[in-house]
>>> print(open('target-v2.txt').read())   # compact mmCIF, N, CA and C atoms
# COMPACT_ATOMS: atom_id res chain seq x y z
N MET A 1 136.38 -70.60 142.61
CA MET A 1 136.14 -70.25 143.98
C MET A 1 137.44 -70.49 144.77
N LYS A 2 137.93 -69.46 145.45
CA LYS A 2 139.14 -69.57 146.24
C LYS A 2 138.80 -69.96 147.68
N ALA A 3 139.65 -70.81 148.23
CA ALA A 3 139.50 -71.18 149.64
C ALA A 3 139.92 -70.00 150.50
N GLU A 4 139.30 -69.84 151.66
CA GLU A 4 139.65 -68.75 152.57
C GLU A 4 141.13 -68.72 152.90
N PHE A 5 141.72 -69.89 153.07
CA PHE A 5 143.10 -69.97 153.50
C PHE A 5 144.08 -69.49 152.43
N ASP A 6 143.62 -69.42 151.15
CA ASP A 6 144.50 -68.92 150.09
C ASP A 6 145.02 -67.52 150.42
N ALA A 7 144.21 -66.73 151.10
CA ALA A 7 144.56 -65.34 151.41
C ALA A 7 145.69 -65.23 152.43
N VAL A 8 145.90 -66.24 153.25
CA VAL A 8 146.93 -66.16 154.30
C VAL A 8 148.05 -67.19 154.12
N ALA A 9 147.97 -67.99 153.09
CA ALA A 9 148.95 -69.08 152.90
C ALA A 9 150.39 -68.58 152.86
N ASP A 10 150.63 -67.47 152.19
CA ASP A 10 152.00 -66.97 152.07
C ASP A 10 152.58 -66.51 153.41
N ALA A 11 151.74 -66.07 154.32
CA ALA A 11 152.21 -65.59 155.62
C ALA A 11 152.08 -66.64 156.72
N TYR A 12 151.57 -67.82 156.38
CA TYR A 12 151.24 -68.81 157.40
C TYR A 12 152.45 -69.26 158.22
N LEU A 13 153.56 -69.55 157.58
CA LEU A 13 154.72 -70.04 158.32
C LEU A 13 155.21 -68.99 159.33
N ALA A 14 155.23 -67.73 158.95
CA ALA A 14 155.62 -66.67 159.88
C ALA A 14 154.63 -66.60 161.05
N GLN A 15 153.35 -66.73 160.76
CA GLN A 15 152.34 -66.72 161.83
C GLN A 15 152.49 -67.93 162.75
N LEU A 16 152.81 -69.06 162.17
CA LEU A 16 153.01 -70.27 162.96
C LEU A 16 154.23 -70.13 163.87
N ARG A 17 155.30 -69.57 163.32
CA ARG A 17 156.51 -69.34 164.13
C ARG A 17 156.20 -68.41 165.31
N GLU A 18 155.43 -67.38 165.05
CA GLU A 18 155.06 -66.43 166.11
C GLU A 18 154.21 -67.12 167.19
N SER A 19 153.29 -67.96 166.75
CA SER A 19 152.40 -68.59 167.72
C SER A 19 153.09 -69.66 168.58
N THR A 20 154.20 -70.21 168.11
CA THR A 20 154.91 -71.23 168.89
C THR A 20 156.15 -70.66 169.60
N ARG A 21 156.42 -69.40 169.39
CA ARG A 21 157.63 -68.78 169.96
C ARG A 21 157.71 -68.93 171.47
N GLY A 22 156.61 -68.79 172.16
CA GLY A 22 156.59 -68.88 173.62
C GLY A 22 157.01 -70.25 174.15
N SER A 23 156.90 -71.27 173.31
CA SER A 23 157.29 -72.63 173.74
C SER A 23 158.80 -72.81 173.72
N GLY A 24 159.48 -71.95 172.99
CA GLY A 24 160.92 -72.11 172.83
C GLY A 24 161.30 -73.06 171.71
N ASP A 25 160.31 -73.62 171.03
CA ASP A 25 160.55 -74.56 169.94
C ASP A 25 160.02 -73.99 168.63
N GLU A 26 160.64 -74.43 167.55
CA GLU A 26 160.21 -74.05 166.20
C GLU A 26 159.01 -74.91 165.80
N PRO A 27 158.19 -74.45 164.84
CA PRO A 27 157.05 -75.25 164.37
C PRO A 27 157.47 -76.62 163.86
N GLU A 28 158.67 -76.72 163.30
CA GLU A 28 159.15 -77.99 162.78
C GLU A 28 159.23 -79.05 163.88
N TYR A 29 159.56 -78.63 165.10
CA TYR A 29 159.62 -79.56 166.22
C TYR A 29 158.27 -80.24 166.41
N PHE A 30 157.21 -79.46 166.40
CA PHE A 30 155.86 -80.00 166.64
C PHE A 30 155.42 -80.89 165.47
N ALA A 31 155.73 -80.48 164.25
CA ALA A 31 155.37 -81.29 163.09
C ALA A 31 156.09 -82.64 163.14
N ARG A 32 157.37 -82.62 163.45
CA ARG A 32 158.14 -83.87 163.53
C ARG A 32 157.63 -84.73 164.68
N TYR A 33 157.32 -84.12 165.81
CA TYR A 33 156.83 -84.86 166.97
C TYR A 33 155.56 -85.64 166.62
N LYS A 34 154.63 -84.99 165.89
CA LYS A 34 153.38 -85.66 165.53
C LYS A 34 153.64 -86.90 164.68
N ILE A 35 154.57 -86.78 163.72
CA ILE A 35 154.86 -87.91 162.84
C ILE A 35 155.59 -89.00 163.62
N MET A 36 156.50 -88.62 164.50
CA MET A 36 157.19 -89.61 165.34
C MET A 36 156.20 -90.33 166.26
N ASP A 37 155.19 -89.61 166.73
CA ASP A 37 154.17 -90.21 167.58
C ASP A 37 153.39 -91.28 166.80
N ILE A 38 153.12 -91.02 165.55
CA ILE A 38 152.45 -92.01 164.70
C ILE A 38 153.34 -93.25 164.56
N ARG A 39 154.63 -93.03 164.33
CA ARG A 39 155.55 -94.16 164.21
C ARG A 39 155.61 -94.97 165.52
N ARG A 40 155.71 -94.27 166.64
CA ARG A 40 155.74 -94.96 167.94
C ARG A 40 154.47 -95.80 168.14
N ASP A 41 153.34 -95.24 167.79
CA ASP A 41 152.08 -95.95 167.94
C ASP A 41 152.04 -97.18 167.04
N ARG A 42 152.44 -97.04 165.79
CA ARG A 42 152.45 -98.17 164.85
C ARG A 42 153.41 -99.25 165.34
N THR A 43 154.56 -98.83 165.85
CA THR A 43 155.55 -99.80 166.35
C THR A 43 154.99 -100.54 167.57
N ALA A 44 154.36 -99.82 168.49
CA ALA A 44 153.79 -100.44 169.69
C ALA A 44 152.70 -101.45 169.34
N ARG A 45 151.99 -101.19 168.25
CA ARG A 45 150.92 -102.11 167.82
C ARG A 45 151.41 -103.15 166.82
N HIS A 46 152.75 -103.20 166.63
CA HIS A 46 153.38 -104.17 165.72
C HIS A 46 152.87 -104.03 164.29
N LEU A 47 152.66 -102.79 163.89
CA LEU A 47 152.24 -102.50 162.51
C LEU A 47 153.45 -102.08 161.70
N ASP A 48 153.40 -102.36 160.42
CA ASP A 48 154.50 -102.05 159.52
C ASP A 48 154.80 -100.54 159.50
N CYS A 49 156.06 -100.20 159.62
CA CYS A 49 156.50 -98.80 159.53
C CYS A 49 157.44 -98.58 158.35
N ASP A 50 157.98 -99.66 157.82
CA ASP A 50 159.02 -99.52 156.80
C ASP A 50 158.61 -100.00 155.43
N GLY A 51 157.41 -100.52 155.31
CA GLY A 51 156.94 -101.01 154.03
C GLY A 51 156.29 -99.91 153.21
N GLN A 52 155.56 -100.33 152.22
CA GLN A 52 154.90 -99.41 151.30
C GLN A 52 153.57 -98.96 151.90
N LEU A 53 153.61 -97.91 152.71
CA LEU A 53 152.42 -97.35 153.35
C LEU A 53 151.83 -96.25 152.49
N THR A 54 150.58 -95.92 152.73
CA THR A 54 149.98 -94.74 152.14
C THR A 54 149.60 -93.81 153.28
N CYS A 55 150.12 -92.59 153.25
CA CYS A 55 149.84 -91.59 154.28
C CYS A 55 149.03 -90.47 153.67
N LEU A 56 147.87 -90.19 154.22
CA LEU A 56 147.04 -89.07 153.78
C LEU A 56 147.24 -87.93 154.76
N ASP A 57 147.80 -86.83 154.26
CA ASP A 57 147.94 -85.62 155.07
C ASP A 57 146.76 -84.73 154.70
N PHE A 58 145.66 -84.92 155.44
CA PHE A 58 144.41 -84.19 155.18
C PHE A 58 144.51 -82.82 155.82
N GLY A 59 144.34 -81.78 155.02
CA GLY A 59 144.57 -80.42 155.51
C GLY A 59 146.07 -80.13 155.52
N ALA A 60 146.76 -80.59 154.50
CA ALA A 60 148.22 -80.53 154.43
C ALA A 60 148.77 -79.12 154.44
N GLY A 61 147.99 -78.18 153.98
CA GLY A 61 148.45 -76.79 153.97
C GLY A 61 149.77 -76.62 153.24
N ILE A 62 150.66 -75.83 153.81
CA ILE A 62 151.94 -75.53 153.17
C ILE A 62 152.97 -76.65 153.34
N GLY A 63 152.59 -77.72 154.02
CA GLY A 63 153.44 -78.90 154.07
C GLY A 63 154.37 -79.03 155.25
N THR A 64 153.91 -78.61 156.41
CA THR A 64 154.79 -78.71 157.58
C THR A 64 155.09 -80.16 157.95
N SER A 65 154.30 -81.11 157.46
CA SER A 65 154.52 -82.52 157.80
C SER A 65 155.22 -83.32 156.70
N GLU A 66 155.22 -82.83 155.47
CA GLU A 66 155.69 -83.65 154.35
C GLU A 66 157.13 -84.14 154.51
N ALA A 67 158.06 -83.26 154.84
CA ALA A 67 159.46 -83.68 154.97
C ALA A 67 159.62 -84.71 156.08
N HIS A 68 158.87 -84.55 157.16
CA HIS A 68 158.96 -85.50 158.27
C HIS A 68 158.35 -86.85 157.89
N LEU A 69 157.24 -86.82 157.18
CA LEU A 69 156.66 -88.07 156.70
C LEU A 69 157.66 -88.80 155.81
N ARG A 70 158.30 -88.06 154.91
CA ARG A 70 159.25 -88.66 153.97
C ARG A 70 160.46 -89.24 154.72
N ASN A 71 160.95 -88.55 155.74
CA ASN A 71 162.12 -89.03 156.48
C ASN A 71 161.79 -90.20 157.39
N ILE A 72 160.63 -90.17 158.01
CA ILE A 72 160.26 -91.19 159.00
C ILE A 72 159.64 -92.43 158.35
N PHE A 73 158.97 -92.22 157.22
CA PHE A 73 158.39 -93.32 156.45
C PHE A 73 158.88 -93.21 155.01
N PRO A 74 160.15 -93.52 154.75
CA PRO A 74 160.77 -93.23 153.46
C PRO A 74 160.13 -93.92 152.25
N LYS A 75 159.49 -95.05 152.45
CA LYS A 75 158.88 -95.77 151.32
C LYS A 75 157.41 -95.43 151.12
N ALA A 76 156.88 -94.56 151.95
CA ALA A 76 155.44 -94.27 151.92
C ALA A 76 155.02 -93.49 150.69
N ARG A 77 153.83 -93.75 150.27
CA ARG A 77 153.14 -92.92 149.28
C ARG A 77 152.44 -91.84 150.11
N ILE A 78 152.76 -90.59 149.85
CA ILE A 78 152.18 -89.48 150.63
C ILE A 78 151.21 -88.71 149.75
N ILE A 79 150.02 -88.52 150.25
CA ILE A 79 149.01 -87.73 149.55
C ILE A 79 148.73 -86.50 150.40
N ALA A 80 149.05 -85.34 149.87
CA ALA A 80 148.82 -84.06 150.56
C ALA A 80 147.53 -83.46 150.00
N ALA A 81 146.51 -83.39 150.83
CA ALA A 81 145.21 -82.89 150.39
C ALA A 81 144.85 -81.61 151.14
N ASP A 82 144.36 -80.63 150.40
CA ASP A 82 143.91 -79.37 151.02
C ASP A 82 142.98 -78.66 150.05
N VAL A 83 142.06 -77.86 150.59
CA VAL A 83 141.17 -77.08 149.74
C VAL A 83 141.85 -75.81 149.25
N SER A 84 142.95 -75.42 149.89
CA SER A 84 143.66 -74.20 149.51
C SER A 84 144.68 -74.49 148.42
N LYS A 85 144.36 -74.06 147.22
CA LYS A 85 145.26 -74.26 146.08
C LYS A 85 146.60 -73.57 146.33
N ARG A 86 146.57 -72.37 146.87
CA ARG A 86 147.81 -71.63 147.13
C ARG A 86 148.68 -72.37 148.14
N SER A 87 148.08 -72.93 149.18
CA SER A 87 148.85 -73.69 150.17
C SER A 87 149.54 -74.88 149.52
N LEU A 88 148.82 -75.58 148.67
CA LEU A 88 149.43 -76.73 147.99
C LEU A 88 150.54 -76.31 147.03
N GLU A 89 150.39 -75.14 146.41
CA GLU A 89 151.46 -74.62 145.55
C GLU A 89 152.73 -74.38 146.37
N ILE A 90 152.57 -73.78 147.54
CA ILE A 90 153.71 -73.54 148.43
C ILE A 90 154.30 -74.88 148.88
N ASN A 91 153.43 -75.80 149.27
CA ASN A 91 153.85 -77.12 149.72
C ASN A 91 154.69 -77.80 148.64
N GLU A 92 154.19 -77.84 147.44
CA GLU A 92 154.91 -78.48 146.35
C GLU A 92 156.22 -77.77 146.04
N GLY A 93 156.21 -76.45 146.13
CA GLY A 93 157.44 -75.69 145.91
C GLY A 93 158.51 -75.99 146.96
N LEU A 94 158.08 -76.21 148.19
CA LEU A 94 159.02 -76.53 149.27
C LEU A 94 159.49 -77.97 149.24
N HIS A 95 158.60 -78.88 148.85
CA HIS A 95 158.89 -80.30 149.00
C HIS A 95 158.92 -81.08 147.68
N GLY A 96 158.78 -80.38 146.57
CA GLY A 96 158.91 -81.03 145.27
C GLY A 96 158.04 -82.26 145.12
N GLY A 97 158.67 -83.36 144.83
CA GLY A 97 157.93 -84.60 144.59
C GLY A 97 157.73 -85.45 145.81
N ALA A 98 157.75 -84.86 147.00
CA ALA A 98 157.58 -85.64 148.23
C ALA A 98 156.19 -86.24 148.36
N ALA A 99 155.22 -85.66 147.65
CA ALA A 99 153.83 -86.12 147.81
C ALA A 99 153.07 -85.96 146.52
N GLU A 100 151.86 -86.51 146.52
CA GLU A 100 150.89 -86.22 145.47
C GLU A 100 150.01 -85.12 146.03
N TYR A 101 149.73 -84.09 145.25
CA TYR A 101 149.03 -82.91 145.75
C TYR A 101 147.61 -82.87 145.19
N LEU A 102 146.64 -82.90 146.11
CA LEU A 102 145.21 -82.88 145.71
C LEU A 102 144.51 -81.73 146.38
>>> encode(input="target-v2.txt", output="structure tokens")
Amino acid sequence: MKAEFDAVADAYLAQLRESTRGSGDEPEYFARYKIMDIRRDRTARHLDCDGQLTCLDFGAGIGTSEAHLRNIFPKARIIAADVSKRSLEINEGLHGGAAEYL
């Protein structure tokens, strides 16, 4: 059984770029911002940001967050989970061993 998103996974990044074009920023800006916001929140609450964390990217799709997670939390174990097998294939192709793919 294929997930619905398998049918659009290959075109998703182009669609995402089109949908954020009006903001003047690339999709990567928003993905990085979300991860930086998590770091700011953890820092404000005096929670560990540099140790061995586990990050679950639920609905990881093609991996717009993986590189940012790896850069901002370099020691983290990253689990990229998605129902779309094709999206995870693209994600792994783009980010190699940055995460565990489920």
>>> atom_distance(input="target-v2.txt", atom1="atom C of Ser65 in chain A", atom2="atom N of Val8 in chain A")
19.8 Å
>>> residues_around(input="target-v2.txt", residues="Gln52 in chain A", least_positions_apart="4", cutoff="6 Å", atoms="all atoms listed in the file", output="list in words")
Lys75, Ala76 and Arg77 of chain A
>>> select_by_dssp(input="target-v2.txt", residues="chain A", states="strand (DSSP E or B)", output="list in words")
Thr54, Cys55, Leu56, Asp57, Phe58, Arg77, Ile78, Ile79, Ala80, Ala81, Glu100 and Tyr101 of chain A
>>> residues_around(input="target-v2.txt", residues="range 12-16 of chain A", least_positions_apart="5", cutoff="8 Å", atoms="all atoms listed in the file", output="list in words")
Ala7, Arg21, Glu26, Pro27, Glu28 and Ile62 of chain A
>>> write_last_selection(input="target-v2.txt", atoms="N, CA and C atoms", output="PDB file, in the coordinates of the input")
ATOM      1  N   ALA A   7     144.210 -66.730 151.100  1.00  0.00           N
ATOM      2  CA  ALA A   7     144.560 -65.340 151.410  1.00  0.00           C
ATOM      3  C   ALA A   7     145.690 -65.230 152.430  1.00  0.00           C
ATOM      4  N   ARG A  21     156.420 -69.400 169.390  1.00  0.00           N
ATOM      5  CA  ARG A  21     157.630 -68.780 169.960  1.00  0.00           C
ATOM      6  C   ARG A  21     157.710 -68.930 171.470  1.00  0.00           C
ATOM      7  N   GLU A  26     160.640 -74.430 167.550  1.00  0.00           N
ATOM      8  CA  GLU A  26     160.210 -74.050 166.200  1.00  0.00           C
ATOM      9  C   GLU A  26     159.010 -74.910 165.800  1.00  0.00           C
ATOM     10  N   PRO A  27     158.190 -74.450 164.840  1.00  0.00           N
ATOM     11  CA  PRO A  27     157.050 -75.250 164.370  1.00  0.00           C
ATOM     12  C   PRO A  27     157.470 -76.620 163.860  1.00  0.00           C
ATOM     13  N   GLU A  28     158.670 -76.720 163.300  1.00  0.00           N
ATOM     14  CA  GLU A  28     159.150 -77.990 162.780  1.00  0.00           C
ATOM     15  C   GLU A  28     159.230 -79.050 163.880  1.00  0.00           C
ATOM     16  N   ILE A  62     150.660 -75.830 153.810  1.00  0.00           N
ATOM     17  CA  ILE A  62     151.940 -75.530 153.170  1.00  0.00           C
ATOM     18  C   ILE A  62     152.970 -76.650 153.340  1.00  0.00           C
TER      19      ILE A  62
END
>>> atom_distance(input="target-v2.txt", atom1="CA of Asp10 in chain A", atom2="atom N of Arg39 in chain A")
28.9 Å
>>> select_by_dssp(input="target-v2.txt", residues="range 6-95 of chain A", states="alpha helix (DSSP H)", output="PyMOL selection string")
chain A and resi 12-20+27-44+66-72+85-95
>>> closest_residue(input="target-v2.txt", among="A:Ile79, A:Ala9, A:Ile35, A:Ile90", to="Phe58 in chain A", atoms="only N, CA and C atoms")
A:Ile79
>>> atom_distance(input="target-v2.txt", atom1="CA of Lys85 in chain A", atom2="CA of Thr54 in chain A")
21.9 Å
>>> residues_around(input="target-v2.txt", residues="His68 in chain A", least_positions_apart="4", cutoff="9 Å", atoms="only C-alpha atoms", output="list in words")
Glu28, Ala31, Arg32, Tyr33, Ile35, Met36, Thr64, Ile72 and Phe73 of chain A
>>> residues_near_point(input="target-v2.txt", point="(138.7, -72.8, 144.3)", cutoff="7 Å", atoms="only N, CA and C atoms", output="list of chain:residue names")
A:Met1, A:Lys2, A:Ala3, A:Val83, A:Lys85
>>> axis_aligned_box(input="target-v2.txt", around="range 57-68 of chain A", padding_each_side="5 Å", output="JSON")
{"center_x": 152.0, "center_y": -81.2, "center_z": 155.7, "size_x": 25.3, "size_y": 21.3, "size_z": 15.1}
>>> closest_residue(input="target-v2.txt", among="A:Ala44, A:Ala60, A:Ser23, A:Tyr101", to="Ile78 in chain A", atoms="only N, CA and C atoms")
A:Tyr101
>>> decode(input="target-v2.txt", residues="chain A", atoms="C-alpha atoms", output="PDB file, in the first residue's frame")
ATOM      1  CA  MET A   1       0.000   0.000   0.000  1.00  0.00           C
ATOM      2  CA  LYS A   2       1.494   3.337  -1.080  1.00  0.00           C
ATOM      3  CA  ALA A   3       1.061   6.483   0.958  1.00  0.00           C
ATOM      4  CA  GLU A   4      -0.742   9.333  -0.827  1.00  0.00           C
ATOM      5  CA  PHE A   5       2.294  11.563  -0.499  1.00  0.00           C
ATOM      6  CA  ASP A   6       4.432   9.102  -2.526  1.00  0.00           C
ATOM      7  CA  ALA A   7       2.772  10.511  -5.654  1.00  0.00           C
ATOM      8  CA  VAL A   8       3.994  14.082  -5.028  1.00  0.00           C
ATOM      9  CA  ALA A   9       7.253  13.503  -3.131  1.00  0.00           C
ATOM     10  CA  ASP A  10       9.481  14.137  -6.147  1.00  0.00           C
ATOM     11  CA  ALA A  11       7.850  17.513  -6.845  1.00  0.00           C
ATOM     12  CA  TYR A  12       7.429  18.563  -3.210  1.00  0.00           C
ATOM     13  CA  LEU A  13      10.497  20.791  -2.888  1.00  0.00           C
ATOM     14  CA  ALA A  14       9.536  22.754  -6.022  1.00  0.00           C
ATOM     15  CA  GLN A  15       5.994  23.141  -4.666  1.00  0.00           C
ATOM     16  CA  LEU A  16       7.349  24.267  -1.309  1.00  0.00           C
ATOM     17  CA  ARG A  17       9.603  26.841  -2.977  1.00  0.00           C
ATOM     18  CA  GLU A  18       6.620  28.181  -4.923  1.00  0.00           C
ATOM     19  CA  SER A  19       4.447  28.414  -1.824  1.00  0.00           C
ATOM     20  CA  THR A  20       7.067  30.395   0.145  1.00  0.00           C
ATOM     21  CA  ARG A  21       8.170  32.624  -2.745  1.00  0.00           C
ATOM     22  CA  GLY A  22       5.927  35.508  -1.661  1.00  0.00           C
ATOM     23  CA  SER A  23       7.749  35.712   1.675  1.00  0.00           C
ATOM     24  CA  GLY A  24      11.051  36.435  -0.024  1.00  0.00           C
ATOM     25  CA  ASP A  25      12.657  33.532   1.839  1.00  0.00           C
ATOM     26  CA  GLU A  26      13.600  30.029   0.766  1.00  0.00           C
ATOM     27  CA  PRO A  27      11.984  26.985   2.459  1.00  0.00           C
ATOM     28  CA  GLU A  28      15.327  26.282   4.139  1.00  0.00           C
ATOM     29  CA  TYR A  29      14.958  29.513   6.119  1.00  0.00           C
ATOM     30  CA  PHE A  30      11.715  28.301   7.694  1.00  0.00           C
ATOM     31  CA  ALA A  31      13.071  24.807   8.385  1.00  0.00           C
ATOM     32  CA  ARG A  32      16.164  26.239  10.094  1.00  0.00           C
ATOM     33  CA  TYR A  33      14.064  28.754  12.035  1.00  0.00           C
ATOM     34  CA  LYS A  34      11.913  25.965  13.515  1.00  0.00           C
ATOM     35  CA  ILE A  35      14.968  24.036  14.700  1.00  0.00           C
ATOM     36  CA  MET A  36      16.609  27.185  16.089  1.00  0.00           C
ATOM     37  CA  ASP A  37      13.360  27.917  17.945  1.00  0.00           C
ATOM     38  CA  ILE A  38      13.580  24.502  19.596  1.00  0.00           C
ATOM     39  CA  ARG A  39      17.171  25.239  20.631  1.00  0.00           C
ATOM     40  CA  ARG A  40      16.188  28.661  22.025  1.00  0.00           C
ATOM     41  CA  ASP A  41      13.371  27.082  24.011  1.00  0.00           C
ATOM     42  CA  ARG A  42      15.613  24.324  25.412  1.00  0.00           C
ATOM     43  CA  THR A  43      18.262  26.894  26.322  1.00  0.00           C
ATOM     44  CA  ALA A  44      15.703  29.151  28.055  1.00  0.00           C
ATOM     45  CA  ARG A  45      14.511  26.176  30.104  1.00  0.00           C
ATOM     46  CA  HIS A  46      18.123  25.196  30.937  1.00  0.00           C
ATOM     47  CA  LEU A  47      17.785  21.887  29.106  1.00  0.00           C
ATOM     48  CA  ASP A  48      20.714  20.150  27.466  1.00  0.00           C
ATOM     49  CA  CYS A  49      21.328  21.160  23.841  1.00  0.00           C
ATOM     50  CA  ASP A  50      24.777  19.707  23.281  1.00  0.00           C
ATOM     51  CA  GLY A  51      24.542  16.241  24.766  1.00  0.00           C
ATOM     52  CA  GLN A  52      23.272  12.994  23.346  1.00  0.00           C
ATOM     53  CA  LEU A  53      19.663  13.926  22.508  1.00  0.00           C
ATOM     54  CA  THR A  54      17.131  11.936  20.531  1.00  0.00           C
ATOM     55  CA  CYS A  55      15.132  13.983  18.014  1.00  0.00           C
ATOM     56  CA  LEU A  56      12.062  12.483  16.358  1.00  0.00           C
ATOM     57  CA  ASP A  57      11.171  14.207  13.100  1.00  0.00           C
ATOM     58  CA  PHE A  58       7.613  12.900  12.796  1.00  0.00           C
ATOM     59  CA  GLY A  59       6.342  13.456   9.270  1.00  0.00           C
ATOM     60  CA  ALA A  60       9.935  14.007   8.121  1.00  0.00           C
ATOM     61  CA  GLY A  61       9.034  13.871   4.450  1.00  0.00           C
ATOM     62  CA  ILE A  62      11.916  14.671   2.111  1.00  0.00           C
ATOM     63  CA  GLY A  63      14.015  15.944   5.016  1.00  0.00           C
ATOM     64  CA  THR A  64      13.780  19.704   5.107  1.00  0.00           C
ATOM     65  CA  SER A  65      14.760  19.593   8.797  1.00  0.00           C
ATOM     66  CA  GLU A  66      17.451  16.903   8.878  1.00  0.00           C
ATOM     67  CA  ALA A  67      20.475  19.036   7.938  1.00  0.00           C
ATOM     68  CA  HIS A  68      19.416  21.731  10.408  1.00  0.00           C
ATOM     69  CA  LEU A  69      18.902  19.209  13.191  1.00  0.00           C
ATOM     70  CA  ARG A  70      22.363  17.794  12.490  1.00  0.00           C
ATOM     71  CA  ASN A  71      24.005  21.249  12.476  1.00  0.00           C
ATOM     72  CA  ILE A  72      22.186  22.647  15.514  1.00  0.00           C
ATOM     73  CA  PHE A  73      22.259  19.440  17.580  1.00  0.00           C
ATOM     74  CA  PRO A  74      25.413  17.726  16.248  1.00  0.00           C
ATOM     75  CA  LYS A  75      25.459  14.869  18.784  1.00  0.00           C
ATOM     76  CA  ALA A  76      21.762  14.049  18.478  1.00  0.00           C
ATOM     77  CA  ARG A  77      20.317  10.761  17.378  1.00  0.00           C
ATOM     78  CA  ILE A  78      17.820  11.759  14.679  1.00  0.00           C
ATOM     79  CA  ILE A  79      14.900   9.539  13.747  1.00  0.00           C
ATOM     80  CA  ALA A  80      13.112  10.566  10.544  1.00  0.00           C
ATOM     81  CA  ALA A  81       9.669   8.957  10.450  1.00  0.00           C
ATOM     82  CA  ASP A  82       7.122   9.167   7.639  1.00  0.00           C
ATOM     83  CA  VAL A  83       4.461   6.979   6.037  1.00  0.00           C
ATOM     84  CA  SER A  84       5.722   7.960   2.573  1.00  0.00           C
ATOM     85  CA  LYS A  85       8.417   5.516   1.531  1.00  0.00           C
ATOM     86  CA  ARG A  86       9.322   7.667  -1.478  1.00  0.00           C
ATOM     87  CA  SER A  87       9.761  10.753   0.716  1.00  0.00           C
ATOM     88  CA  LEU A  88      12.119   8.867   3.005  1.00  0.00           C
ATOM     89  CA  GLU A  89      14.081   7.608  -0.017  1.00  0.00           C
ATOM     90  CA  ILE A  90      14.559  11.221  -1.146  1.00  0.00           C
ATOM     91  CA  ASN A  91      15.403  12.260   2.416  1.00  0.00           C
ATOM     92  CA  GLU A  92      18.057   9.581   2.766  1.00  0.00           C
ATOM     93  CA  GLY A  93      19.456  10.391  -0.671  1.00  0.00           C
ATOM     94  CA  LEU A  94      19.828  14.047   0.284  1.00  0.00           C
ATOM     95  CA  HIS A  95      21.094  13.558   3.817  1.00  0.00           C
ATOM     96  CA  GLY A  96      22.772  10.151   3.806  1.00  0.00           C
ATOM     97  CA  GLY A  97      23.402   8.939   7.308  1.00  0.00           C
ATOM     98  CA  ALA A  98      22.073  12.038   9.069  1.00  0.00           C
ATOM     99  CA  ALA A  99      19.164  10.064  10.517  1.00  0.00           C
ATOM    100  CA  GLU A 100      17.560   6.704  11.028  1.00  0.00           C
ATOM    101  CA  TYR A 101      14.717   6.351   8.507  1.00  0.00           C
ATOM    102  CA  LEU A 102      11.440   4.722   9.572  1.00  0.00           C
TER     103      LEU A 102
END
